[in-house]
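Asks: This structure is in C-alpha cells; I'll ask about it shortly.
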Amino acid sequence: MIKTKWTPLALMLSLFVATLVSCEDKETDKDVADAKLSIDYEKYELENGLNVVLHQDKSDPIVSVAIQYGVGSNREKKGRTGFAHLFEHMLFQESENVPQDQFFKTIQDVGGTLNGGTWQDGTVYYEVVPNNALETVLWLESDRMGFLINTVTESAFANQQEVVQNEKRQRVDNNPYGHTSWVIDKNLFPDGHPYSWQVIGELEDLQNATVADVKEFYDKFYGPNNATLVIAGDFEEGKAKELVEKYFGEIKKRQEVTPLDVMNVTLDETKRLYHEDNFATAPQLNMVWPTVEQYTDDAYALDFLGEILSDGKNAPLYRVLVEDMELASQPYAWNGSDQIAGKFRISVTANSGVDLDSVETGITKAFALFEEEGVKESDIERIKAGLETDFYNGISSVLGKSFQLAQYDVFTGDPGFIEKDIENIKAITAEDVMRVYDKYIKGKPFILTSFVPKGQVELIAENSEKAEVVEEEITENVETEVVDADVEIEKTPSKFDRSVAPKMGETPKLNIPDSWTANLPNEMEVYGIVQDELPLVNFSLVIDGGHLLDDLSKNGVANLMSDIIMEGTATKTPLELEEAIDRLGASINMYTTDESLVLRGNTLARNFDATMALVQEILLEPRWDEKEFARIKTSTINGIKRSDANPNVIANRVYNKMLYGENHPLAQPTSGTVESVEAITIQDLKNYYNKYISPSVSRFHVVGDVSESQALAALDGLKENWEAKKVTIPEFPIKNDRDKASLYFVDVPNAKQSVINIGYIAMPRTDKDFYPAEVMNYKLGGSFSGNVNLILREEKGYTYGARSGFSGTKIPGTFTASSSVRTNTTGESVSIFKDEIANYKAGISEEDLAFTKNALIKSNARRFETQGSLLGMLQERSAYDLDPNYIAEEEATINNMTLEQHKELANKYLDESKMAYLVVGDAATQYQQFKDMGFDEVMLLDKEGNEVTLEEIKK
C-alpha cells in the first residue's frame with residue numbers, strides 16, 4: 001500500500017519512508033498519547049549563522065552527518081532551471097583541498113557511505129561512517145561549503161552537465177509517464193512560479209548554463225547562514241563542538257537569504273491535456289487541484305483526505321474504479337503540501353485499452369460515494385493510530401534521525417517539531433476532512449492529464465488538448481573538448497592547513513550481534529537477534545521454492561499465490577483482514593522471488609503475539625477469494641503489459657533468456673506472461689499451496705525487542721498446526737559453454753538512452769570463490785569509485801552510473817556489467833566496458849587493493865545498525881547455512897587477499913571474449929555500428945529475445 005508521507009523526511013531520497021498504518025484499538029491510541037515521540041538534541045548557532053544540531057546515540061559505533069541547505073529548485077529563475085540539482089553534483093567533484101573524485105573515495109576508504117539529494121525546497125548532503133571518521137567528514141563538508149568555488153572549472157562543470165542530462169534521460173525521458181509531472185506543474189502553476197519547473201531542470205537550461213551562473217548561485221545560497229548541520233550517533237559532545245568550530249567557524253557568512261513567501265495558486269478553469277507516451281502501454285489519468293503549503297491545518301486535513309479516498313479496500317476510489325467498474329488495479333490519491341504551495345493529486349493507471357473518459361466518470365462516482373457516506377470516525381482513528389510505529393521506523397537509523405532533525409530545523413526553525421507535527425495530526429477531525437474536500441476539491445477547477453500509448457489517442461479524456469512536451473532529438477555524438485586555462489587554483493585563506501587530511505583513531509572492531517537458533521518439531525528453522533533499542537519487531541518467513549516450482553506452461557502461479565494469500569482468511573474477508581492488520585499498527589506482505597515465497601512483517605513489540613496470530617491465520621487458513629483472484633489476475637496482466645515498454649525490464653528479461661536458455665525458470669519473469677497468467681485458475685494456486693507450502697522448506701527470522709522465549713511462544717500455533725510435507729526443489733541444467741562475444745540488440749524506437757547488460761553465467765553463492773570474486777570486482781565496478789563508473793560517468797559524462805558485479809544463489813548466477821548511457825554514445829560505451837574488463841585482468845595497484853580492503857572491512861561498523869539489516873543478515877545466513885560468524889570469515893578473506901590472488905580471480909572469472917553484450921535502444925541510429933566492432937556475432941532481437949531483421953522491425 002502507498003501511505004501518506006506526513007513529514008518532509010527524506011522526501012525524494014527514498015532513504016526511509018514514514019508509513020502510517022491503521023488502527024481502531026483505543027488502547028493503542030492511548031499508548032501513542034503516552035509515548036515520548038521525540039528525539040533528544042542540542043541546538044546552537046555559530047557566529048557565521050550555521051545552525052548546529054547534536055544528537056547522541058551510542059548504540060552503534062557509527063556517526064551520521066547531514067547538512068541541509070535552504071535551497072532547492074524553488075530558488076531558481078525561469079531560464080536558469082536545474083541549478084540546485086546541478087550544484088548538488090558539482091559539490092561531489094573537488095574542492096580547494098580535496099582533489100578530483102576524492103569525496104566518494106575518501107568516505108568509502110574509511111568504511112562509510114555518502115550521497116546527496118535535491119528537491120523543490122532543499123538540498124541535503126550526508127555521510128554515515130564509523131565513529132573514528134567524524135573529523136574526516138567535517139573536513140570534507142566544510143571544505144565544499146567554504147573552499148570550493150575556485151575549483152569550479154569549465155571542464156568539471158561540462159562533465160556534470162552531461163551527467164545530469166543523462167539522469168534526466170534515465171528517470172524522465174526513457175520512462176513510461178516520465179513527463180507527467182512536467183505537464184502538471186507547468187499548467188498548475190503560473191509562468192515563473194518556483195514550482196512551475198522540475199527539479200531536474202529544462203534540458204535547454206542545463207545545456208546553456210555557464211560557470212558564471214553557477215558561481216553566482218553558489219555564492220547566494222550555499223553559505224553557513226543558509227544551512228543546518230546535524231551530527232547524530234556515537235561521539236563525544238565536547239570534542240564534536242571543537243571540531244565543528246575548527247572546520248566551520250572560520251567560513252564567512254554569505255548573502256542573506258530572504259525567506260520565501262507562500263505562493264499558493266488558484267485555477268480559473270479546468271485544463272485538460274494529453275500526451276502520446278513512447279514508453280507507455282496502458283493509459284494513465286491524473287487529476288490535480290491546487291491546495292496549501294505545509295504544516296497548515298488544511299494541509300494536515302488534506303493528507304487525511306487522500307488516505308481516506310484511496311487507501312484500502314473500503315476507500316471510495318478503490319470500490320468504484322477497481323471493484324465496481326473494473327477499470328484499474330489501484331488508484332492513488334495524496335496531498336503534496338510543500339514549503340510555499342501545495343497540490344492534491346489523484347493518479348490512476350488504467351487497465352490496458354480502457355478509455356480514460358470512463359476513469360474520469362469513475363472518479364466522479366467515487367466522490368459522490370464519499371459525499372454520501374461521509375468521513376467515519378473509524379477512518380480518522382485508523383490513520384492516527386499508526387503514528388507510533390511510523391515514528392520508530394523513521395528513527396531506526398542515525399541517518400533517519402539526522403534527516404528528521406535537519407529538515408524540521410530548516411523548515412520550522414525547531415529540530416524537535418516532530419512533537420508539534422504529531423499533535424497537529426492527532427487534532428484532525430472528520431469535520432476537518434469534509435471541510436477541505438468542500439474547500440479545495442468539490443466542484444473546483446483542476447488539471448487533468450491523459451497519457452496514452454503512442455497511436456492510441458482515442459483513449460484520452462474528451463476535450464483534451466495536446467501537451468507541449470519537449471522531447472530530445474537523437475543526434476550523432478559530437479564531443480566538445482573543454483580545456484581549462486592553465487591557471488593555478490587560488491586557495492581561500494584558512495587558519496590551518498586544510499590540505500592535510502585529518503588523522504583517524506582506531507577503526508571500531510567487528511562486533512557481530514549475538515543470535516539464537518531453534519529447530520521446531522515440524523522442521524521449520526528459526527533464527528533470531530534481540531535488538532531492544534526501539535519497541536519494534538521485524539520478521540520474515542522464507543518458504544523455499546517460489547518461481548522454481550512453477551509449471552512453465554502456467555508460469556506465474558507462485559506469484560499469484562503470494563498475492564492471493566494476503567486477500568482474506570477462512571474467517572476474515574479481505575477487508576476484515578486488512579483492518580485487523582491495521583488495528584495492530586502492523587504491516588504484513590508477501591511476495592515471490594525466483595527461489596522462494598517471502599512473508600515480511602513489521603509491528604510494535606507489544607503487538608508481536610497478535611501479529612503472529614494473524615500470520616498463522618493468513619498462512620494456514622487462506623480464503624481463496626474468487627473475486628480477489630480475478631482482480632489480481634487482471635492487475636498482473638496489465639502490469640506485464642506496462643512493463644513491456646520499459647527498457648530496463650526488457651533488458652533484464654532478454655538478458656536472462658540469452659544466458660539461461662528459454663526453458664530455465666530464471667529465463668522467465670516471476671510474474672509470468674500475459675498468455676500464461678490468463679491460463680491460470682484458482683485451482684492451480686490451491687494445488688501449488690497443497691504441494692509446496694511446508695515448514696520443512698521454511699525458515700523464520702525475527703529481529704527486535706522480543707526475546708527468544710517470547711518469539712518461540714508466538715510461533716506455537718505454527719509449530720502445532722502446520723504439518724510438514726516432503727517438498728523437492730527441482731534442479732534445472734544450466735549450459736555454461738559460451739565461447740564467443742555476441743552482440744544482441746533489442747530495438748526500442750526513439751529511446752533517449754541505451755540500456756547495456758554485459759556478462760555471462762558465473763557461479764553460485766555457495767561456490768568457495770564467490771565472495772573472493774565479489775572482493776575482486778569491487779574496484780572494477782562494485783562501487784561509485786569503480787573504474788567503469790569513473791570513466792563512463794565522471795570522465796566521459798555518458799551515464800548517470802555504471803556498475804559490475806556477481807549475482808548468485810544456490811543456482812549459478814551471473815557476472816554482469818551494466819549501465820544506461822546517452823543514445824549517441826552507445827557504441828563507445830560498450831567498447832569502454834569491454835576494454836576495462838580486459839584491462840582489469842592485468843592486475844590492480846597496491847593502492848587500489850588497499851582501498852578495496854578499507855572500504856569493505858571498515859564498512860562492517862555500519863552493518864548491524866538497523867533491524868532491517870540484521871534481518872537480511874539472518875536471511876543470508878539461513879539460506880546458505882553459513883556460520884554465525886560468517887562476516888568475520890569474510891573479513892579474513894578480504895584481509896588476506898594479495899595482488900596475485902586478485903589477478904588470478906580476475907583472469908578466472910572475467911573473459912570479455914565470451915560474454916553476451918546486450919543493448920536495448922534505438923536500432924535505427926545505433927545498431928549498424930556494431931557490425932564493424934569485431935564481435936563474433938551481431939544479432940537484432942525483438943523484445944522477447946527472438947531474432948529479427950531490420951526490415952521486420954521497420955514494419
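By order of appearance in the C-alpha cells: chains A, B, ..., then residues from 1 within every chain, and ligands from 1 in the order shown.
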Which residues of stretch 355-402 of chain A have any atom within 8 Å of an atom in stretch 271-295 of chain A when counting only C-alpha atoms, and what is the closest pair of atoms for each, with the distance in Å to one decimal? Order the rows by chain and rising number and write it as JSON lines.

Replies:
{"residue": "A:Asp355", "atom": "CA", "partner": "A:Pro283", "partner_atom": "CA", "distance": 7.8}
{"residue": "A:Leu356", "atom": "CA", "partner": "A:Leu285", "partner_atom": "CA", "distance": 6.5}
{"residue": "A:Val359", "atom": "CA", "partner": "A:Leu285", "partner_atom": "CA", "distance": 7.5}
{"residue": "A:Glu360", "atom": "CA", "partner": "A:Leu285", "partner_atom": "CA", "distance": 7.8}

Asks: Go ahead and dump the residues you just picked, N, CA, C and O atoms, as a compact mmCIF listing (two decimals), in the first residue's frame.

Replies:
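As a result, result.txt now contains:
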# COMPACT_ATOMS: atom_id res chain seq x y z
N ASP A 355 -10.73 3.39 -21.90
CA ASP A 355 -10.93 4.79 -22.27
C ASP A 355 -10.88 5.63 -20.99
O ASP A 355 -11.59 5.35 -20.02
N LEU A 356 -10.07 6.68 -21.00
CA LEU A 356 -9.91 7.47 -19.79
C LEU A 356 -11.14 8.30 -19.44
O LEU A 356 -11.26 8.79 -18.31
N VAL A 359 -12.64 6.43 -16.71
CA VAL A 359 -11.92 6.61 -15.45
C VAL A 359 -12.36 7.92 -14.79
O VAL A 359 -12.62 7.97 -13.58
N GLU A 360 -12.46 8.97 -15.58
CA GLU A 360 -12.92 10.25 -15.03
C GLU A 360 -14.33 10.12 -14.47
O GLU A 360 -14.64 10.64 -13.39

Asks: List the neighbours of A:Ser804 out to 10 Å using only C-alpha atoms; skip same-chain residues closer than 4 positions along the sequence, and give me the result as a list of chain:residue names.

Replies: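 That gives A:Asn757, A:Ile758, A:Gly759, A:Glu774, A:Asn777, A:Tyr778, A:Lys779, A:Leu780, A:Gly781, A:Gly782, A:Ser783, A:Gly786, A:Asn787, A:Val788, A:Asn789, A:Phe815, A:Thr816, A:Ala817, A:Ser818, A:Ser819, A:Phe833, A:Ile837.
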
Asks: Go ahead and dump the residues you just picked, C-alpha atoms, as a compact mmCIF listing (two decimals), in the first residue's frame.

Replies:
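See selection-v5.txt below for the written result:
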# COMPACT_ATOMS: atom_id res chain seq x y z
CA ASN A 757 23.98 -5.51 -19.92
CA ILE A 758 27.24 -7.40 -20.46
CA GLY A 759 28.15 -10.75 -18.95
CA GLU A 774 32.99 -10.04 -5.17
CA ASN A 777 35.24 -6.93 -8.61
CA TYR A 778 34.99 -4.01 -6.15
CA LYS A 779 37.43 -1.71 -7.93
CA LEU A 780 36.19 -2.68 -11.38
CA GLY A 781 32.54 -1.77 -10.80
CA GLY A 782 31.47 -2.63 -7.27
CA SER A 783 31.26 0.96 -6.06
CA GLY A 786 34.83 1.60 -9.65
CA ASN A 787 36.78 2.01 -12.88
CA VAL A 788 33.78 1.73 -15.21
CA ASN A 789 31.85 4.44 -13.32
CA PHE A 815 28.75 -11.68 -13.80
CA THR A 816 27.14 -8.55 -15.21
CA ALA A 817 28.42 -5.10 -16.12
CA SER A 818 25.63 -2.62 -16.78
CA SER A 819 24.68 0.97 -17.43
CA PHE A 833 33.18 -1.74 -20.87
CA ILE A 837 37.09 -5.75 -18.27

Asks: Could you pull the residues within 8 Å of A:Arg653, counting only C-alpha atoms, minus those fewer than 2 positions along the same chain, as a compact mmCIF listing (two decimals) with N, CA, C and O atoms, in the first residue's frame?

Replies:
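Just written: around_22.txt:
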# COMPACT_ATOMS: atom_id res chain seq x y z
N VAL A 649 13.26 -3.32 -17.98
CA VAL A 649 12.59 -4.62 -17.84
C VAL A 649 12.89 -5.49 -19.05
O VAL A 649 13.18 -6.68 -18.93
N ILE A 650 12.81 -4.89 -20.22
CA ILE A 650 13.11 -5.63 -21.46
C ILE A 650 14.54 -6.17 -21.41
O ILE A 650 14.80 -7.34 -21.74
N ALA A 651 15.48 -5.32 -20.98
CA ALA A 651 16.89 -5.72 -20.94
C ALA A 651 17.09 -6.91 -20.01
O ALA A 651 17.76 -7.90 -20.38
N TYR A 655 18.16 -10.55 -21.43
CA TYR A 655 19.49 -10.95 -20.94
C TYR A 655 19.43 -12.31 -20.25
O TYR A 655 20.23 -13.21 -20.54
N ASN A 656 18.46 -12.50 -19.38
CA ASN A 656 18.32 -13.79 -18.70
C ASN A 656 18.00 -14.92 -19.67
O ASN A 656 18.48 -16.05 -19.52
N LYS A 657 17.20 -14.61 -20.67
CA LYS A 657 16.86 -15.64 -21.66
C LYS A 657 18.09 -16.03 -22.48
O LYS A 657 18.30 -17.21 -22.78
N ALA A 667 14.99 -17.74 -16.80
CA ALA A 667 14.83 -17.02 -18.06
C ALA A 667 13.42 -16.48 -18.23
O ALA A 667 13.14 -15.76 -19.19
N GLN A 668 12.53 -16.84 -17.31
CA GLN A 668 11.14 -16.41 -17.38
C GLN A 668 10.83 -15.47 -16.22
O GLN A 668 11.27 -15.70 -15.10
N PRO A 669 10.08 -14.40 -16.46
CA PRO A 669 9.74 -13.48 -15.37
C PRO A 669 8.87 -14.16 -14.32
O PRO A 669 8.02 -14.98 -14.65
N GLU A 944 11.12 -10.10 -27.03
CA GLU A 944 11.05 -11.42 -26.40
C GLU A 944 12.33 -12.20 -26.57
O GLU A 944 12.44 -13.34 -26.11

Asks: Please report the interatomic distance between atom CA of A:Ile844 and atom CA of A:Thr898 in Å with one decimal.

Replies: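 Between atom CA of A:Ile844 and atom CA of A:Thr898 the gap is 10.4 Å.
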
Asks: Measuring between only C-alpha atoms, which one of A:Tyr440, A:Gly717, A:Leu560, A:Asp390 shows the shortest distance to A:Gly585?

Replies: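 Closest to A:Gly585 of all the choices is A:Asp390.
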
Asks: Neighbouring residues of stretch 333-338 of chain A were defined as those with any atom within 6 Å, considering only C-alpha atoms; residues of the same chain fewer than 6 positions away were excluded. Please report them as a list in words.

Replies: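 That gives Glu293, Gln294, Leu302, Asp303, Gly306, Ser310, Phe344, Arg345 and Ile346 of chain A.
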
Asks: Name the residues of stretch 320-449 of chain A that come out as strand (DSSP E) in a backbone DSSP run; write them as a PyMOL selection string.

Replies: chain A and resi 332-337+342-349+447-449

Asks: So which residues touch A:Pro695 within 12 Å, counting only C-alpha atoms, skipping near sequence neighbours fewer than 5 positions away, as a count of residues only?

Replies: 27

Asks: Among stretch 593-837 of chain A, which ones does DSSP assign to helix (DSSP H, G or I) (computed from the backbone)? Answer as number ranges by chain.

Replies: A: 605-620, 626-643, 647-660, 665-667, 674-679, 682-692, 695-697, 708-714, 716-721, 770-781, 787-795, 823-837

Asks: Near A:Glu678, counting only C-alpha atoms, which residues have an atom at most 10 Å away, once you skip same-chain residues fewer than 2 positions from it, shown as a list in words?

Replies: Lys554, Gly556, Lys633, Thr634, Thr636, Ile637, Gly672, Thr673, Val674, Glu675, Ser676, Ile680 and Thr681 of chain A

Asks: Print the selection's residues with all heavy atoms to a file, as a JSON list (two decimals), in the first residue's frame.

Replies:
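The file below, again_37.json, is the result:
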[["chain", "number", "residue", "atom", "x", "y", "z"],
["A", 554, "LYS", "N", 2.33, -22.72, -17.18],
["A", 554, "LYS", "CA", 1.46, -21.80, -16.45],
["A", 554, "LYS", "C", 2.33, -20.93, -15.54],
["A", 554, "LYS", "O", 2.08, -20.79, -14.34],
["A", 554, "LYS", "CB", 0.41, -22.55, -15.64],
["A", 554, "LYS", "CG", -0.68, -23.18, -16.50],
["A", 554, "LYS", "CD", -1.82, -23.69, -15.64],
["A", 554, "LYS", "CE", -2.97, -24.19, -16.52],
["A", 554, "LYS", "NZ", -4.12, -24.63, -15.70],
["A", 556, "GLY", "N", 3.89, -18.16, -13.41],
["A", 556, "GLY", "CA", 3.27, -17.08, -12.66],
["A", 556, "GLY", "C", 2.38, -17.54, -11.54],
["A", 556, "GLY", "O", 1.82, -16.71, -10.80],
["A", 633, "LYS", "N", -5.47, -11.26, -11.11],
["A", 633, "LYS", "CA", -5.08, -11.69, -12.46],
["A", 633, "LYS", "C", -5.08, -10.50, -13.42],
["A", 633, "LYS", "O", -4.13, -10.30, -14.19],
["A", 633, "LYS", "CB", -6.04, -12.76, -12.98],
["A", 633, "LYS", "CG", -5.68, -14.17, -12.58],
["A", 633, "LYS", "CD", -6.57, -15.21, -13.26],
["A", 633, "LYS", "CE", -6.36, -15.27, -14.75],
["A", 633, "LYS", "NZ", -7.06, -16.42, -15.36],
["A", 634, "THR", "N", -6.14, -9.71, -13.38],
["A", 634, "THR", "CA", -6.23, -8.55, -14.25],
["A", 634, "THR", "C", -5.11, -7.58, -13.97],
["A", 634, "THR", "O", -4.47, -7.04, -14.89],
["A", 634, "THR", "CB", -7.59, -7.84, -14.07],
["A", 634, "THR", "OG1", -8.64, -8.76, -14.39],
["A", 634, "THR", "CG2", -7.70, -6.62, -14.96],
["A", 636, "THR", "N", -2.18, -8.23, -12.63],
["A", 636, "THR", "CA", -0.90, -8.81, -13.05],
["A", 636, "THR", "C", -0.73, -8.71, -14.55],
["A", 636, "THR", "O", 0.35, -8.34, -15.05],
["A", 636, "THR", "CB", -0.82, -10.28, -12.60],
["A", 636, "THR", "OG1", -0.96, -10.35, -11.18],
["A", 636, "THR", "CG2", 0.49, -10.90, -13.02],
["A", 637, "ILE", "N", -1.77, -9.02, -15.29],
["A", 637, "ILE", "CA", -1.70, -8.96, -16.76],
["A", 637, "ILE", "C", -1.42, -7.54, -17.23],
["A", 637, "ILE", "O", -0.58, -7.31, -18.11],
["A", 637, "ILE", "CB", -3.01, -9.49, -17.38],
["A", 637, "ILE", "CG1", -3.08, -11.02, -17.19],
["A", 637, "ILE", "CG2", -3.12, -9.13, -18.85],
["A", 637, "ILE", "CD1", -4.43, -11.61, -17.51],
["A", 672, "GLY", "N", 5.18, -14.08, -14.87],
["A", 672, "GLY", "CA", 4.61, -14.82, -15.97],
["A", 672, "GLY", "C", 4.43, -13.94, -17.20],
["A", 672, "GLY", "O", 4.87, -12.79, -17.24],
["A", 673, "THR", "N", 3.79, -14.49, -18.20],
["A", 673, "THR", "CA", 3.45, -13.76, -19.41],
["A", 673, "THR", "C", 1.95, -13.54, -19.45],
["A", 673, "THR", "O", 1.19, -14.15, -18.68],
["A", 673, "THR", "CB", 3.88, -14.54, -20.66],
["A", 673, "THR", "OG1", 3.10, -15.76, -20.74],
["A", 673, "THR", "CG2", 5.35, -14.88, -20.63],
["A", 674, "VAL", "N", 1.51, -12.69, -20.35],
["A", 674, "VAL", "CA", 0.06, -12.46, -20.49],
["A", 674, "VAL", "C", -0.65, -13.78, -20.74],
["A", 674, "VAL", "O", -1.68, -14.10, -20.11],
["A", 674, "VAL", "CB", -0.22, -11.46, -21.63],
["A", 674, "VAL", "CG1", -1.73, -11.40, -21.91],
["A", 674, "VAL", "CG2", 0.31, -10.09, -21.26],
["A", 675, "GLU", "N", -0.10, -14.58, -21.64],
["A", 675, "GLU", "CA", -0.74, -15.84, -22.00],
["A", 675, "GLU", "C", -0.75, -16.84, -20.84],
["A", 675, "GLU", "O", -1.77, -17.50, -20.57],
["A", 675, "GLU", "CB", -0.03, -16.48, -23.21],
["A", 675, "GLU", "CG", -0.13, -15.69, -24.50],
["A", 675, "GLU", "CD", 0.77, -14.45, -24.50],
["A", 675, "GLU", "OE1", 1.73, -14.40, -23.68],
["A", 675, "GLU", "OE2", 0.52, -13.55, -25.31],
["A", 676, "SER", "N", 0.37, -16.94, -20.12],
["A", 676, "SER", "CA", 0.44, -17.92, -19.04],
["A", 676, "SER", "C", -0.48, -17.53, -17.89],
["A", 676, "SER", "O", -1.14, -18.39, -17.29],
["A", 676, "SER", "CB", 1.88, -18.10, -18.55],
["A", 676, "SER", "OG", 2.35, -16.94, -17.90],
["A", 680, "ILE", "N", -4.08, -19.44, -15.95],
["A", 680, "ILE", "CA", -4.03, -19.91, -14.56],
["A", 680, "ILE", "C", -5.42, -19.85, -13.92],
["A", 680, "ILE", "O", -6.14, -18.87, -14.06],
["A", 680, "ILE", "CB", -3.03, -19.07, -13.74],
["A", 680, "ILE", "CG1", -1.60, -19.31, -14.26],
["A", 680, "ILE", "CG2", -3.10, -19.41, -12.25],
["A", 680, "ILE", "CD1", -0.57, -18.36, -13.67],
["A", 681, "THR", "N", -5.77, -20.91, -13.21],
["A", 681, "THR", "CA", -7.04, -20.95, -12.47],
["A", 681, "THR", "C", -6.74, -20.91, -10.97],
["A", 681, "THR", "O", -5.62, -21.16, -10.54],
["A", 681, "THR", "CB", -7.82, -22.23, -12.79],
["A", 681, "THR", "OG1", -7.08, -23.36, -12.26],
["A", 681, "THR", "CG2", -8.00, -22.40, -14.29]]

Asks: With distances taken over only C-alpha atoms, which of A:Phe92, A:Gly805, A:Pro513, A:Lys220 is nearest to A:Asn860?

Replies: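 Ranking A:Phe92, A:Gly805, A:Pro513, A:Lys220 by distance to A:Asn860, first place goes to A:Pro513.
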
Asks: So which one's closest to A:Thr349, A:Gly797, A:Pro331, A:Pro130, A:Pro194? Using only C-alpha atoms, please.

Replies: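 Selected residue with least distance to A:Thr349: A:Pro331.
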
Asks: Atom CA of A:Gly362 and atom CA of A:Leu321 are how many Å apart?

Replies: 5.8 Å
